[in-house]
file work-v7.txt (compact mmCIF, C-alpha atoms)
# COMPACT_ATOMS: atom_id res chain seq x y z
CA MET A 1 127.89 57.28 127.68
CA ASN A 2 129.40 60.46 126.29
CA LEU A 3 129.62 59.21 122.77
CA PRO A 4 129.17 61.51 119.82
CA ASN A 5 125.42 61.61 120.03
CA GLN A 6 123.61 60.32 116.98
CA GLU A 7 120.21 59.85 118.52
CA GLU A 8 117.83 59.37 115.69
CA THR A 9 114.28 60.60 115.48
CA VAL A 10 111.65 57.93 115.14
CA THR A 11 110.44 57.56 111.57
CA ALA A 12 108.77 54.81 109.63
CA ASP A 13 112.23 53.79 108.54
CA THR A 14 113.24 53.03 112.15
CA PHE A 15 110.66 50.26 112.11
CA LEU A 16 110.88 49.15 108.48
CA ARG A 17 114.65 48.74 108.49
CA GLY A 18 114.32 45.50 110.45
CA LEU A 19 111.80 44.11 108.00
CA TRP A 20 113.74 44.73 104.82
CA GLU A 21 116.96 46.73 104.60
CA GLU A 22 118.59 45.21 107.70
CA ASN A 23 116.54 42.05 108.05
CA PRO A 24 118.36 40.06 110.74
CA VAL A 25 118.09 36.74 108.89
CA PHE A 26 118.07 37.48 105.19
CA VAL A 27 120.45 40.43 105.17
CA MET A 28 122.58 40.37 108.33
CA LEU A 29 122.55 36.57 108.73
CA LEU A 30 122.37 36.84 112.52
CA GLY A 31 121.00 34.24 114.91
CA MET A 32 121.38 31.37 112.47
CA CYS A 33 121.23 28.74 115.22
CA PRO A 34 117.49 29.04 115.97
CA VAL A 35 116.80 29.93 112.34
CA LEU A 36 118.03 26.55 111.16
CA ALA A 37 117.16 24.45 114.17
CA VAL A 38 113.57 25.18 115.12
CA THR A 39 112.02 26.02 111.78
CA ASN A 40 110.88 22.46 111.03
CA SER A 41 107.27 23.56 111.39
CA ALA A 42 105.43 26.85 111.04
CA ILE A 43 104.12 26.85 114.59
CA ASN A 44 107.60 26.31 116.06
CA ALA A 45 108.94 29.08 113.87
CA LEU A 46 106.20 31.46 114.96
CA ALA A 47 106.67 30.65 118.65
CA MET A 48 110.43 31.08 118.39
CA GLY A 49 110.02 34.35 116.52
CA LEU A 50 107.60 35.76 119.10
CA ALA A 51 109.75 34.60 122.01
CA THR A 52 112.82 36.23 120.48
CA THR A 53 110.89 39.41 119.74
CA PHE A 54 109.74 39.62 123.36
CA VAL A 55 113.28 39.17 124.67
CA LEU A 56 114.64 41.64 122.14
CA LEU A 57 112.06 44.30 122.99
CA CYS A 58 112.35 43.99 126.77
CA SER A 59 116.13 43.75 126.91
CA SER A 60 116.64 46.61 124.44
CA SER A 61 114.25 48.84 126.39
CA LEU A 62 116.03 48.14 129.66
CA VAL A 63 119.47 48.68 128.11
CA SER A 64 118.24 51.93 126.61
CA LEU A 65 116.84 53.11 129.95
CA PHE A 66 120.07 52.28 131.78
CA ARG A 67 122.39 53.42 128.99
CA LYS A 68 123.75 56.39 130.94
CA LEU A 69 124.38 54.21 134.01
CA ILE A 70 126.29 51.38 132.40
CA PRO A 71 130.08 51.81 132.44
CA LYS A 72 131.88 50.61 129.31
CA GLN A 73 133.88 47.90 131.07
CA VAL A 74 130.90 45.96 132.36
CA ARG A 75 128.48 46.62 129.53
CA ILE A 76 128.60 43.13 127.98
CA ALA A 77 128.09 41.49 131.38
CA THR A 78 125.18 43.83 132.07
CA TYR A 79 123.57 43.16 128.70
CA ILE A 80 123.88 39.40 129.12
CA VAL A 81 122.33 39.49 132.61
CA ILE A 82 119.43 41.57 131.29
CA ILE A 83 118.93 39.30 128.28
CA ALA A 84 119.18 36.13 130.38
CA THR A 85 116.52 37.49 132.74
CA PHE A 86 113.99 37.90 129.95
CA VAL A 87 114.92 34.56 128.43
CA THR A 88 114.16 32.89 131.76
CA ILE A 89 110.84 34.71 131.90
CA VAL A 90 110.01 33.50 128.38
CA ASP A 91 111.09 29.99 129.34
CA TYR A 92 108.61 29.86 132.24
CA GLY A 93 105.98 31.61 130.14
CA ILE A 94 106.11 29.01 127.37
CA GLN A 95 105.97 26.18 129.91
CA ALA A 96 102.86 27.77 131.35
CA ILE A 97 101.25 28.21 127.93
CA SER A 98 101.98 24.81 126.40
CA LEU A 99 104.24 21.95 127.42
CA ASP A 100 104.06 20.45 123.92
CA LEU A 101 105.44 23.63 122.44
CA TYR A 102 108.09 23.76 125.15
CA ASN A 103 109.22 20.23 124.32
CA ALA A 104 109.24 20.97 120.60
CA LEU A 105 111.45 24.04 121.00
CA GLY A 106 113.75 22.19 123.40
CA ALA A 107 117.01 23.82 124.34
CA PHE A 108 116.59 26.61 121.81
CA ILE A 109 114.54 28.74 124.18
CA GLN A 110 117.43 28.95 126.62
CA LEU A 111 119.77 29.54 123.69
CA ILE A 112 118.00 32.83 122.88
CA VAL A 113 120.49 34.22 125.43
CA VAL A 114 123.29 33.86 122.91
CA ASN A 115 121.30 35.00 119.89
CA CYS A 116 123.73 37.52 118.43
CA MET A 117 120.88 39.58 117.00
CA ILE A 118 119.75 40.53 120.51
CA LEU A 119 123.21 41.31 121.86
CA GLY A 120 123.93 43.12 118.60
CA ARG A 121 120.87 45.34 119.02
CA ALA A 122 121.81 46.11 122.62
CA GLU A 123 125.38 47.01 121.71
CA ALA A 124 124.87 48.77 118.40
CA TYR A 125 121.54 50.47 118.93
CA ALA A 126 119.87 50.40 122.33
CA SER A 127 122.97 51.58 124.21
CA LYS A 128 123.01 54.78 122.13
CA GLN A 129 119.38 55.61 121.46
CA ARG A 130 116.42 56.91 123.39
CA LEU A 131 113.76 54.50 124.62
CA GLY A 132 111.19 55.36 121.94
CA ALA A 133 113.50 54.75 119.01
CA THR A 134 114.80 51.55 120.62
CA VAL A 135 111.32 50.11 121.09
CA VAL A 136 110.29 50.89 117.51
CA ASN A 137 113.53 49.57 116.06
CA GLY A 138 113.47 46.45 118.24
CA LEU A 139 109.89 45.75 117.25
CA GLY A 140 110.84 46.06 113.58
CA MET A 141 113.80 43.72 114.00
CA GLY A 142 111.68 41.23 115.94
CA VAL A 143 108.90 41.25 113.36
CA GLY A 144 111.50 40.89 110.60
CA PHE A 145 113.05 37.93 112.42
CA THR A 146 109.63 36.33 112.97
CA ILE A 147 108.65 36.75 109.32
CA ALA A 148 111.96 35.25 108.21
CA LEU A 149 111.49 32.27 110.53
CA LEU A 150 107.94 31.81 109.27
CA CYS A 151 109.19 31.87 105.67
CA LEU A 152 111.55 29.01 106.46
CA GLY A 153 109.19 27.10 108.73
CA GLY A 154 106.27 27.38 106.33
CA VAL A 155 108.20 26.11 103.32
CA ARG A 156 109.83 23.30 105.29
CA GLU A 157 106.55 22.13 106.79
CA ILE A 158 104.71 22.21 103.46
CA LEU A 159 107.42 20.24 101.67
CA GLY A 160 108.51 18.00 104.51
CA ALA A 161 105.20 17.15 106.15
CA GLY A 162 102.57 18.25 103.63
CA SER A 163 100.85 20.54 106.11
CA LEU A 164 100.87 24.12 107.35
CA PHE A 165 100.33 24.98 111.03
CA GLY A 166 99.42 21.31 111.43
CA PHE A 167 96.60 21.35 108.88
CA PRO A 168 97.15 18.85 106.06
CA LEU A 169 97.28 20.52 102.66
CA PHE A 170 97.44 17.59 100.29
CA ALA A 171 95.51 14.42 99.65
CA GLU A 172 96.42 11.15 101.38
CA ASN A 173 98.82 10.03 98.67
CA PHE A 174 101.21 12.97 99.15
CA GLN A 175 104.69 11.58 99.79
CA PRO A 176 106.40 14.00 102.23
CA TRP A 177 109.88 15.18 101.36
CA VAL A 178 111.22 14.23 104.77
CA VAL A 179 114.70 15.70 104.28
CA MET A 180 113.11 19.17 104.42
CA ILE A 181 112.23 18.85 108.11
CA LEU A 182 115.62 17.29 108.89
CA PRO A 183 118.60 19.59 109.52
CA PRO A 184 119.85 19.59 105.89
CA GLY A 185 116.46 20.91 104.79
CA GLY A 186 117.06 24.01 106.91
CA PHE A 187 120.16 24.82 104.90
CA PHE A 188 118.46 24.11 101.58
CA VAL A 189 115.50 26.36 102.32
CA LEU A 190 117.64 29.13 103.84
CA GLY A 191 119.86 29.01 100.75
CA GLY A 192 116.79 29.23 98.53
CA TRP A 193 115.40 32.25 100.37
CA LEU A 194 118.78 34.04 100.36
CA LEU A 195 119.04 33.44 96.62
CA LEU A 196 115.59 34.90 96.08
CA PHE A 197 116.24 37.88 98.35
CA ASN A 198 119.58 38.78 96.79
CA TRP A 199 118.29 38.33 93.27
CA TYR A 200 115.42 40.69 94.02
CA ARG A 201 117.69 43.27 95.68
CA GLN A 202 120.14 43.26 92.83
CA ARG A 203 117.37 43.60 90.30
CA ARG A 204 115.89 46.54 92.20
CA GLU A 205 119.25 48.26 92.53
CA ARG A 206 119.89 47.84 88.83
CA LYS A 207 116.52 49.32 88.00
CA LEU A 208 117.18 52.26 90.28
CA MET A 209 120.46 52.93 88.56
CA GLU A 210 118.94 52.69 85.12
CA GLN A 211 116.31 55.16 86.20
CA GLN A 212 119.03 57.58 87.22
CA GLY A 213 120.47 57.18 83.77
CA ALA A 214 123.71 55.72 85.06
CA SER A 215 124.15 52.34 83.40
CA VAL A 216 127.18 51.33 85.45
CA HIS A 217 127.13 47.56 85.29
CA GLY A 218 126.73 47.48 81.54
CA SER A 219 124.60 44.40 81.69
CA MET B 1 129.34 51.59 113.98
CA ASN B 2 130.72 51.45 117.45
CA GLN B 3 134.37 51.18 116.45
CA THR B 4 134.50 54.92 115.92
CA SER B 5 133.98 55.57 119.62
CA ALA B 6 136.80 53.33 120.82
CA PRO B 7 139.66 55.88 120.86
CA GLN B 8 137.66 58.48 122.78
CA SER B 9 136.45 56.03 125.38
CA ALA B 10 140.02 54.95 126.18
CA GLU B 11 140.41 57.93 128.52
CA LEU B 12 137.01 57.41 130.04
CA VAL B 13 137.84 53.80 130.81
CA ALA B 14 140.55 54.83 133.21
CA ALA B 15 138.29 57.35 134.88
CA THR B 16 135.40 55.02 135.66
CA PRO B 17 135.42 54.28 139.40
CA SER B 18 134.83 50.69 140.39
CA PHE B 19 131.94 51.95 142.49
CA ALA B 20 129.99 52.73 139.31
CA MET B 21 130.57 49.25 137.97
CA LEU B 22 129.54 47.61 141.23
CA ARG B 23 126.48 49.79 141.46
CA THR B 24 125.34 49.00 137.93
CA LEU B 25 125.97 45.27 138.13
CA GLY B 26 124.37 45.10 141.58
CA LEU B 27 121.34 47.02 140.44
CA VAL B 28 120.88 44.95 137.30
CA ALA B 29 121.41 41.67 139.14
CA GLY B 30 118.91 42.65 141.84
CA LEU B 31 116.30 43.68 139.30
CA SER B 32 116.92 40.51 137.35
CA GLY B 33 116.50 38.32 140.42
CA LEU B 34 113.28 40.08 141.34
CA LEU B 35 111.80 39.61 137.86
CA VAL B 36 112.80 35.94 137.61
CA VAL B 37 111.40 35.05 141.04
CA LEU B 38 108.19 36.94 140.33
CA THR B 39 107.69 35.09 137.05
CA TYR B 40 108.52 31.78 138.68
CA GLN B 41 105.91 32.28 141.37
CA ILE B 42 103.24 33.40 138.94
CA THR B 43 103.79 30.58 136.45
CA LEU B 44 104.46 27.73 138.89
CA PRO B 45 100.81 26.70 139.45
CA LEU B 46 100.12 26.93 135.71
CA ILE B 47 103.12 24.76 134.87
CA GLU B 48 102.20 22.17 137.51
CA GLU B 49 98.68 22.05 136.12
CA ASN B 50 100.01 21.61 132.57
CA LYS B 51 102.24 18.75 133.70
CA ARG B 52 99.33 17.07 135.47
CA ILE B 53 97.15 17.38 132.38
CA ALA B 54 99.93 15.98 130.18
CA ILE B 55 100.41 12.95 132.45
CA GLU B 56 96.69 12.26 132.73
CA ARG B 57 96.20 12.58 128.99
CA ALA B 58 98.93 10.00 128.37
CA LEU B 59 97.69 7.83 131.23
CA PHE B 60 94.07 7.59 130.15
CA LYS B 61 95.27 6.85 126.64
CA VAL B 62 97.46 3.88 127.61
CA ILE B 63 95.08 2.41 130.20
CA PRO B 64 91.90 1.53 128.32
CA GLY B 65 88.80 2.39 130.35
CA ALA B 66 90.53 4.40 133.08
CA THR B 67 88.79 7.54 134.32
CA SER B 68 90.71 8.32 137.49
CA ARG B 69 94.18 7.73 138.83
CA ARG B 70 96.15 7.32 142.03
CA ASP B 71 99.93 7.51 142.31
CA PHE B 72 102.05 4.98 144.12
CA VAL B 73 105.75 4.56 144.64
CA ALA B 74 107.46 1.22 144.30
CA THR B 75 110.22 1.12 146.89
CA ALA B 76 112.55 -1.70 147.87
CA GLN B 77 110.08 -2.67 150.63
CA GLY B 78 106.91 -2.65 148.57
CA ILE B 79 104.39 -0.27 147.04
CA VAL B 80 103.15 2.73 149.02
CA ALA B 81 100.94 5.70 148.19
CA ALA B 82 102.83 8.57 146.62
CA ASP B 83 101.73 11.09 149.27
CA ASP B 84 104.16 9.33 151.60
CA ARG B 85 106.98 11.83 151.20
CA ALA B 86 109.65 9.55 152.62
CA ALA B 87 109.09 6.97 149.89
CA GLU B 88 111.65 6.90 147.12
CA GLY B 89 111.51 4.75 144.04
CA THR B 90 109.72 4.26 140.75
CA LEU B 91 106.40 5.99 140.25
CA VAL B 92 103.48 3.66 139.59
CA TYR B 93 100.26 5.17 138.25
CA ALA B 94 97.18 3.08 138.92
CA GLY B 95 94.15 3.71 136.72
CA TYR B 96 90.55 3.02 137.88
CA ASP B 97 87.24 2.92 136.06
CA GLU B 98 84.03 4.65 137.15
CA GLN B 99 83.25 1.91 139.71
CA ASP B 100 86.69 2.53 141.21
CA ARG B 101 87.99 -0.85 140.06
CA LEU B 102 91.63 -1.19 139.06
CA VAL B 103 91.81 -1.49 135.27
CA GLY B 104 95.52 -1.12 134.72
CA VAL B 105 98.83 0.15 135.97
CA ALA B 106 100.98 2.59 134.03
CA LEU B 107 104.75 2.83 134.33
CA GLU B 108 107.47 4.90 132.78
CA ALA B 109 110.31 3.27 130.87
CA ALA B 110 113.30 4.68 129.05
CA ALA B 111 116.19 3.53 126.89
CA GLN B 112 118.70 4.97 124.48
CA GLY B 113 117.21 5.36 121.01
CA TYR B 114 118.86 6.43 117.77
CA GLN B 115 119.47 10.07 118.73
CA ASP B 116 118.61 10.43 122.38
CA ILE B 117 116.89 8.70 125.26
CA ILE B 118 113.34 7.64 124.41
CA ARG B 119 110.89 7.88 127.32
CA ILE B 120 107.56 6.12 127.16
CA LEU B 121 104.59 5.41 129.39
CA TYR B 122 103.17 1.88 129.12
CA SER B 123 100.30 0.16 130.82
CA PHE B 124 100.22 -3.27 132.42
CA ASP B 125 96.97 -5.14 132.80
CA PRO B 126 97.18 -7.43 135.85
CA VAL B 127 94.23 -9.59 134.72
CA CYS B 128 95.71 -10.79 131.44
CA GLN B 129 99.25 -10.08 132.64
CA CYS B 130 99.98 -8.22 129.46
CA ILE B 131 101.01 -4.80 128.20
CA ARG B 132 98.02 -2.88 126.89
CA GLY B 133 99.45 0.24 125.30
CA ILE B 134 102.41 2.59 125.02
CA GLU B 135 102.65 6.33 124.64
CA VAL B 136 105.88 8.10 123.76
CA LEU B 137 106.54 10.92 126.23
CA LYS B 138 109.81 12.20 124.84
CA MET B 139 112.02 11.31 121.91
CA ALA B 140 114.30 12.83 119.32
CA GLU B 141 114.07 10.09 116.70
CA THR B 142 114.44 10.91 113.01
CA PRO B 143 111.20 12.41 111.65
CA GLY B 144 109.59 10.10 109.14
CA ILE B 145 111.67 7.08 110.23
CA GLY B 146 112.27 6.45 113.93
CA ASP B 147 109.43 8.66 115.10
CA LYS B 148 107.00 6.12 113.66
CA ILE B 149 107.20 4.31 117.00
CA ALA B 150 104.76 6.92 118.32
CA LYS B 151 102.11 6.78 115.59
CA ASP B 152 102.54 3.82 113.23
CA PRO B 153 99.28 1.81 113.58
CA VAL B 154 100.90 -1.52 112.68
CA PHE B 155 103.59 -1.02 115.33
CA GLN B 156 101.02 0.07 117.91
CA GLU B 157 99.15 -3.19 117.36
CA ASN B 158 102.05 -4.95 119.08
CA PHE B 159 100.89 -3.41 122.33
CA VAL B 160 97.24 -4.32 122.26
CA GLU B 161 97.99 -7.47 124.20
CA LEU B 162 101.74 -7.99 124.58
CA ASP B 163 102.39 -11.01 126.76
CA ALA B 164 104.21 -10.24 130.04
CA ARG B 165 103.33 -13.28 132.18
CA LEU B 166 105.36 -14.04 135.28
CA LYS B 167 107.51 -17.12 135.77
CA ALA B 168 106.03 -19.70 138.14
CA ASP B 169 108.33 -18.58 140.99
CA GLY B 170 107.43 -14.94 140.34
CA SER B 171 111.00 -13.71 139.97
CA GLY B 172 110.67 -12.32 136.46
CA LEU B 173 108.89 -12.62 133.14
CA ALA B 174 108.22 -16.08 131.75
CA ASN B 175 109.37 -14.89 128.33
CA ASP B 176 111.66 -11.96 127.57
CA ILE B 177 109.99 -9.23 125.52
CA LEU B 178 111.93 -9.28 122.28
CA MET B 179 112.01 -7.41 119.04
CA VAL B 180 111.84 -9.49 115.86
CA LYS B 181 112.32 -8.49 112.23
CA HIS B 182 109.29 -6.96 110.54
CA GLY B 183 106.77 -9.61 109.57
CA THR B 184 108.25 -12.47 111.57
CA LYS B 185 106.26 -12.10 114.82
CA SER B 186 105.09 -15.54 115.91
CA GLU B 187 104.76 -15.36 119.71
CA PRO B 188 102.63 -12.96 121.81
CA TRP B 189 105.71 -11.64 123.66
CA GLN B 190 107.48 -10.57 120.48
CA ILE B 191 107.44 -7.06 119.03
CA ASP B 192 107.20 -6.74 115.27
CA ALA B 193 109.79 -4.10 114.31
CA ILE B 194 109.15 -1.18 111.97
CA SER B 195 111.01 -1.85 108.75
CA GLY B 196 113.77 0.77 108.47
CA ALA B 197 113.54 1.81 112.12
CA THR B 198 115.13 -1.20 113.77
CA ILE B 199 117.13 0.78 116.32
CA SER B 200 114.12 2.71 117.59
CA SER B 201 111.97 -0.45 117.65
CA ARG B 202 114.64 -2.37 119.53
CA ALA B 203 114.92 0.47 122.06
CA VAL B 204 111.19 0.17 122.78
CA ALA B 205 111.46 -3.59 123.23
CA ARG B 206 114.49 -3.24 125.49
CA MET B 207 112.97 -0.61 127.76
CA LEU B 208 109.74 -2.60 128.09
CA ASN B 209 111.64 -5.76 128.92
CA ASP B 210 113.94 -4.08 131.46
CA SER B 211 111.10 -2.27 133.19
CA ALA B 212 108.64 -5.18 133.14
CA GLN B 213 111.20 -7.71 134.43
CA GLN B 214 111.68 -5.50 137.46
CA MET B 215 108.24 -4.04 138.06
CA VAL B 216 105.73 -6.76 137.13
CA PRO B 217 106.73 -9.06 140.04
CA LYS B 218 106.25 -6.15 142.46
CA ILE B 219 102.90 -5.17 140.98
CA ILE B 220 101.59 -8.73 141.16
CA THR B 221 102.81 -9.14 144.75
CA TYR B 222 101.21 -5.91 145.96
CA LEU B 223 98.19 -6.07 143.68
CA ASP B 224 95.73 -5.98 146.61
CA ARG B 225 97.10 -2.70 147.80
CA LEU B 226 96.70 -1.20 144.30
CA ARG B 227 93.20 -2.72 143.98
CA ASP B 228 91.94 -1.51 147.31
CA PRO B 229 93.55 1.83 148.07
CA GLY B 230 90.52 2.64 150.26
CA ARG B 231 92.55 1.89 153.34
CA GLU B 232 94.94 4.61 152.37
CA LYS B 233 92.42 7.12 151.11
CA GLU B 234 92.75 10.55 152.59
call {"tool": "encode", "arguments": {"input": "work-v7.txt", "output": "structure tokens"}}
result
Amino acid sequence: MNLPNQEETVTADTFLRGLWEENPVFVMLLGMCPVLAVTNSAINALAMGLATTFVLLCSSSLVSLFRKLIPKQVRIATYIVIIATFVTIVDYGIQAISLDLYNALGAFIQLIVVNCMILGRAEAYASKQRLGATVVNGLGMGVGFTIALLCLGGVREILGAGSLFGFPLFAENFQPWVVMILPPGGFFVLGGWLLLFNWYRQRRERKLMEQQGASVHGS
Amino acid sequence: MNQTSAPQSAELVAATPSFAMLRTLGLVAGLSGLLVVLTYQITLPLIEENKRIAIERALFKVIPGATSRRDFVATAQGIVAADDRAAEGTLVYAGYDEQDRLVGVALEAAAQGYQDIIRILYSFDPVCQCIRGIEVLKMAETPGIGDKIAKDPVFQENFVELDARLKADGSGLANDILMVKHGTKSEPWQIDAISGATISSRAVARMLNDSAQQMVPKIITYLDRLRDPGREKE
């Protein structure tokens, strides 16, 4: 609506922000429910990531198109109806592609509706930006989410089942670390990735500061 | 980011006519309905086909030698072909070999496992009166422990020829199908449990026993109809 208009021009940063600076999983910690629940194998993680990306892209585009039409009072209801529509479409789509995959993902496909990353994008970005910027930004966020899910799913499948995308990686005598594909493993691996991410960010920030000649932290 | 706009929008809130809200919600709901119905209609045949493939894959796996199938429904009155829409009851899948001879009957069974209901498909061979194989259709057992019921070769050996003979009066099984502790199987109607997965193993034994007690007498009684479905062929 008639907000102070901050429509941004599409740059590489519009896309890349979702991958790194504002990565929905590793930085914003949004949508943790599917992140922890369905990443017990790489293929599940990839399917979940792609499904979420599709919903995010379609719902953000529609919200962006309708942004001038949606009154403030009913915006959340409108966003949820739009998101739920695309989730239902994805639900049927996955059933049509593969029933095995559908059974493996279980209730988490329907739960994309309440993924706060998608509602967050609609509220904080798509409702204020032009279609082009929304699509690019949504794609970036979706790809960032998918990569993050793959990072978790890949590590958990390698450690917990000794395979990647279903292909066995080790010899017969490999003893799988079963806890990694059980729910606690999700927390362990997420914690590990967050540790790595934050360590790297801090190190980079420190280097940047040293380059500017401002040794603030004194470390 | 959006907090900054809250004070300004307070005045706008009062000014928004309810017509605008109705219009937007109506429009979005209509569009949403259209999209969902369109997707449903496009994907429905594909989903049905996927379900059929999934059932046949499981069916031909549990019934050794089967190459085609016909569906029947076991009702209170007997067993009728599944195309009879009025019939309500348990689905019975009959498997036939290339000469169209009945080689086995597959049935679904379910019971509470460790986490959730376990659903399996098992086959009954009317010649030896035994269970010839099981295939897990759906489960949420612990990976690496309970989910062994689906793959563990030693556990699967239980179902190569699991005794399910009828009592002389035909009212039920001569011997209950029972789970026994790992390594203590001594009778052909016992199921050797997976060590460490007793609850999941017991669930399999219980669902097989419950289903077989009820269904085997019916199958034996109406065996001719299953053997010679020619009379009911379309």
call {"tool": "closest_residue", "arguments": {"input": "work-v7.txt", "among": "B:Ala94, B:Ala150, B:Ala81, B:Leu27", "to": "chain A", "atoms": "all atoms listed in the file"}}
result
B:Leu27
call {"tool": "residues_around", "arguments": {"input": "work-v7.txt", "residues": "Val103 in chain B", "least_positions_apart": "3", "cutoff": "9 Å", "atoms": "all atoms listed in the file", "output": "MDAnalysis selection string"}}
result
chainID B and resid 63:66 94:97 100 125:127 227
call {"tool": "closest_atom_pairs", "arguments": {"input": "work-v7.txt", "of": "chain A", "to": "chain B", "cutoff": "9 Å", "atoms": "all atoms listed in the file", "output": "JSON lines"}}
result
{"residue": "A:Met1", "atom": "CA", "partner": "B:Ser9", "partner_atom": "CA", "distance": 9.0}
{"residue": "A:Asn2", "atom": "CA", "partner": "B:Ser9", "partner_atom": "CA", "distance": 8.4}
{"residue": "A:Leu3", "atom": "CA", "partner": "B:Ser5", "partner_atom": "CA", "distance": 6.5}
{"residue": "A:Pro4", "atom": "CA", "partner": "B:Ser5", "partner_atom": "CA", "distance": 7.6}
{"residue": "A:Phe66", "atom": "CA", "partner": "B:Thr24", "partner_atom": "CA", "distance": 8.7}
{"residue": "A:Leu69", "atom": "CA", "partner": "B:Thr24", "partner_atom": "CA", "distance": 6.6}
{"residue": "A:Ile70", "atom": "CA", "partner": "B:Thr24", "partner_atom": "CA", "distance": 6.1}
{"residue": "A:Pro71", "atom": "CA", "partner": "B:Met21", "partner_atom": "CA", "distance": 6.1}
{"residue": "A:Lys72", "atom": "CA", "partner": "B:Val13", "partner_atom": "CA", "distance": 6.9}
{"residue": "A:Gln73", "atom": "CA", "partner": "B:Val13", "partner_atom": "CA", "distance": 7.1}
{"residue": "A:Val74", "atom": "CA", "partner": "B:Met21", "partner_atom": "CA", "distance": 6.5}
{"residue": "A:Ala77", "atom": "CA", "partner": "B:Leu25", "partner_atom": "CA", "distance": 8.0}
{"residue": "A:Thr78", "atom": "CA", "partner": "B:Leu25", "partner_atom": "CA", "distance": 6.3}
{"residue": "A:Val81", "atom": "CA", "partner": "B:Ala29", "partner_atom": "CA", "distance": 6.9}
{"residue": "A:Ile82", "atom": "CA", "partner": "B:Ser32", "partner_atom": "CA", "distance": 6.6}
{"residue": "A:Ala84", "atom": "CA", "partner": "B:Ser32", "partner_atom": "CA", "distance": 8.5}
{"residue": "A:Thr85", "atom": "CA", "partner": "B:Ser32", "partner_atom": "CA", "distance": 5.5}
{"residue": "A:Phe86", "atom": "CA", "partner": "B:Val36", "partner_atom": "CA", "distance": 8.0}
{"residue": "A:Thr88", "atom": "CA", "partner": "B:Val36", "partner_atom": "CA", "distance": 6.7}
{"residue": "A:Ile89", "atom": "CA", "partner": "B:Thr39", "partner_atom": "CA", "distance": 6.0}
{"residue": "A:Tyr92", "atom": "CA", "partner": "B:Thr43", "partner_atom": "CA", "distance": 6.4}
{"residue": "A:Gly93", "atom": "CA", "partner": "B:Thr43", "partner_atom": "CA", "distance": 6.8}
{"residue": "A:Gln95", "atom": "CA", "partner": "B:Ile47", "partner_atom": "CA", "distance": 5.9}
{"residue": "A:Ala96", "atom": "CA", "partner": "B:Ile47", "partner_atom": "CA", "distance": 4.6}
{"residue": "A:Ile97", "atom": "CA", "partner": "B:Leu46", "partner_atom": "CA", "distance": 8.0}
{"residue": "A:Ser98", "atom": "CA", "partner": "B:Asn50", "partner_atom": "CA", "distance": 7.2}
{"residue": "A:Leu99", "atom": "CA", "partner": "B:Asn50", "partner_atom": "CA", "distance": 6.7}
{"residue": "A:Asp100", "atom": "CA", "partner": "B:Ala54", "partner_atom": "CA", "distance": 8.7}
{"residue": "A:Asn103", "atom": "CA", "partner": "B:Lys138", "partner_atom": "CA", "distance": 8.1}
{"residue": "A:Glu123", "atom": "CA", "partner": "B:Asn2", "partner_atom": "CA", "distance": 8.1}
{"residue": "A:Ala124", "atom": "CA", "partner": "B:Asn2", "partner_atom": "CA", "distance": 6.5}
{"residue": "A:Ala161", "atom": "CA", "partner": "B:Gly144", "partner_atom": "CA", "distance": 8.8}
{"residue": "A:Pro176", "atom": "CA", "partner": "B:Gly144", "partner_atom": "CA", "distance": 8.6}
{"residue": "A:Val178", "atom": "CA", "partner": "B:Gly144", "partner_atom": "CA", "distance": 6.2}
{"residue": "A:Val179", "atom": "CA", "partner": "B:Pro143", "partner_atom": "CA", "distance": 8.8}
{"residue": "A:Ile181", "atom": "CA", "partner": "B:Pro143", "partner_atom": "CA", "distance": 7.4}
{"residue": "A:Leu182", "atom": "CA", "partner": "B:Pro143", "partner_atom": "CA", "distance": 7.1}
call {"tool": "closest_residue", "arguments": {"input": "work-v7.txt", "among": "A:Gly153, A:Gly162, A:Gly185, A:Gly140", "to": "Asn40 in chain A", "atoms": "only C-alpha atoms"}}
result
A:Gly153
call {"tool": "residues_around", "arguments": {"input": "work-v7.txt", "residues": "Leu59 in chain B", "least_positions_apart": "5", "cutoff": "8 Å", "atoms": "all atoms listed in the file", "output": "PyMOL selection string"}}
result
chain B and resi 93+95+106+121
call {"tool": "closest_residue", "arguments": {"input": "work-v7.txt", "among": "A:Leu29, A:Leu152, A:Ile80, A:Val90", "to": "Val63 in chain A", "atoms": "all atoms listed in the file"}}
result
A:Ile80
call {"tool": "atom_distance", "arguments": {"input": "work-v7.txt", "atom1": "CA of Gly49 in chain A", "atom2": "CA of Trp177 in chain A"}}
result
24.4 Å
call {"tool": "atom_distance", "arguments": {"input": "work-v7.txt", "atom1": "CA of Leu111 in chain A", "atom2": "CA of Gly144 in chain A"}}
result
19.2 Å
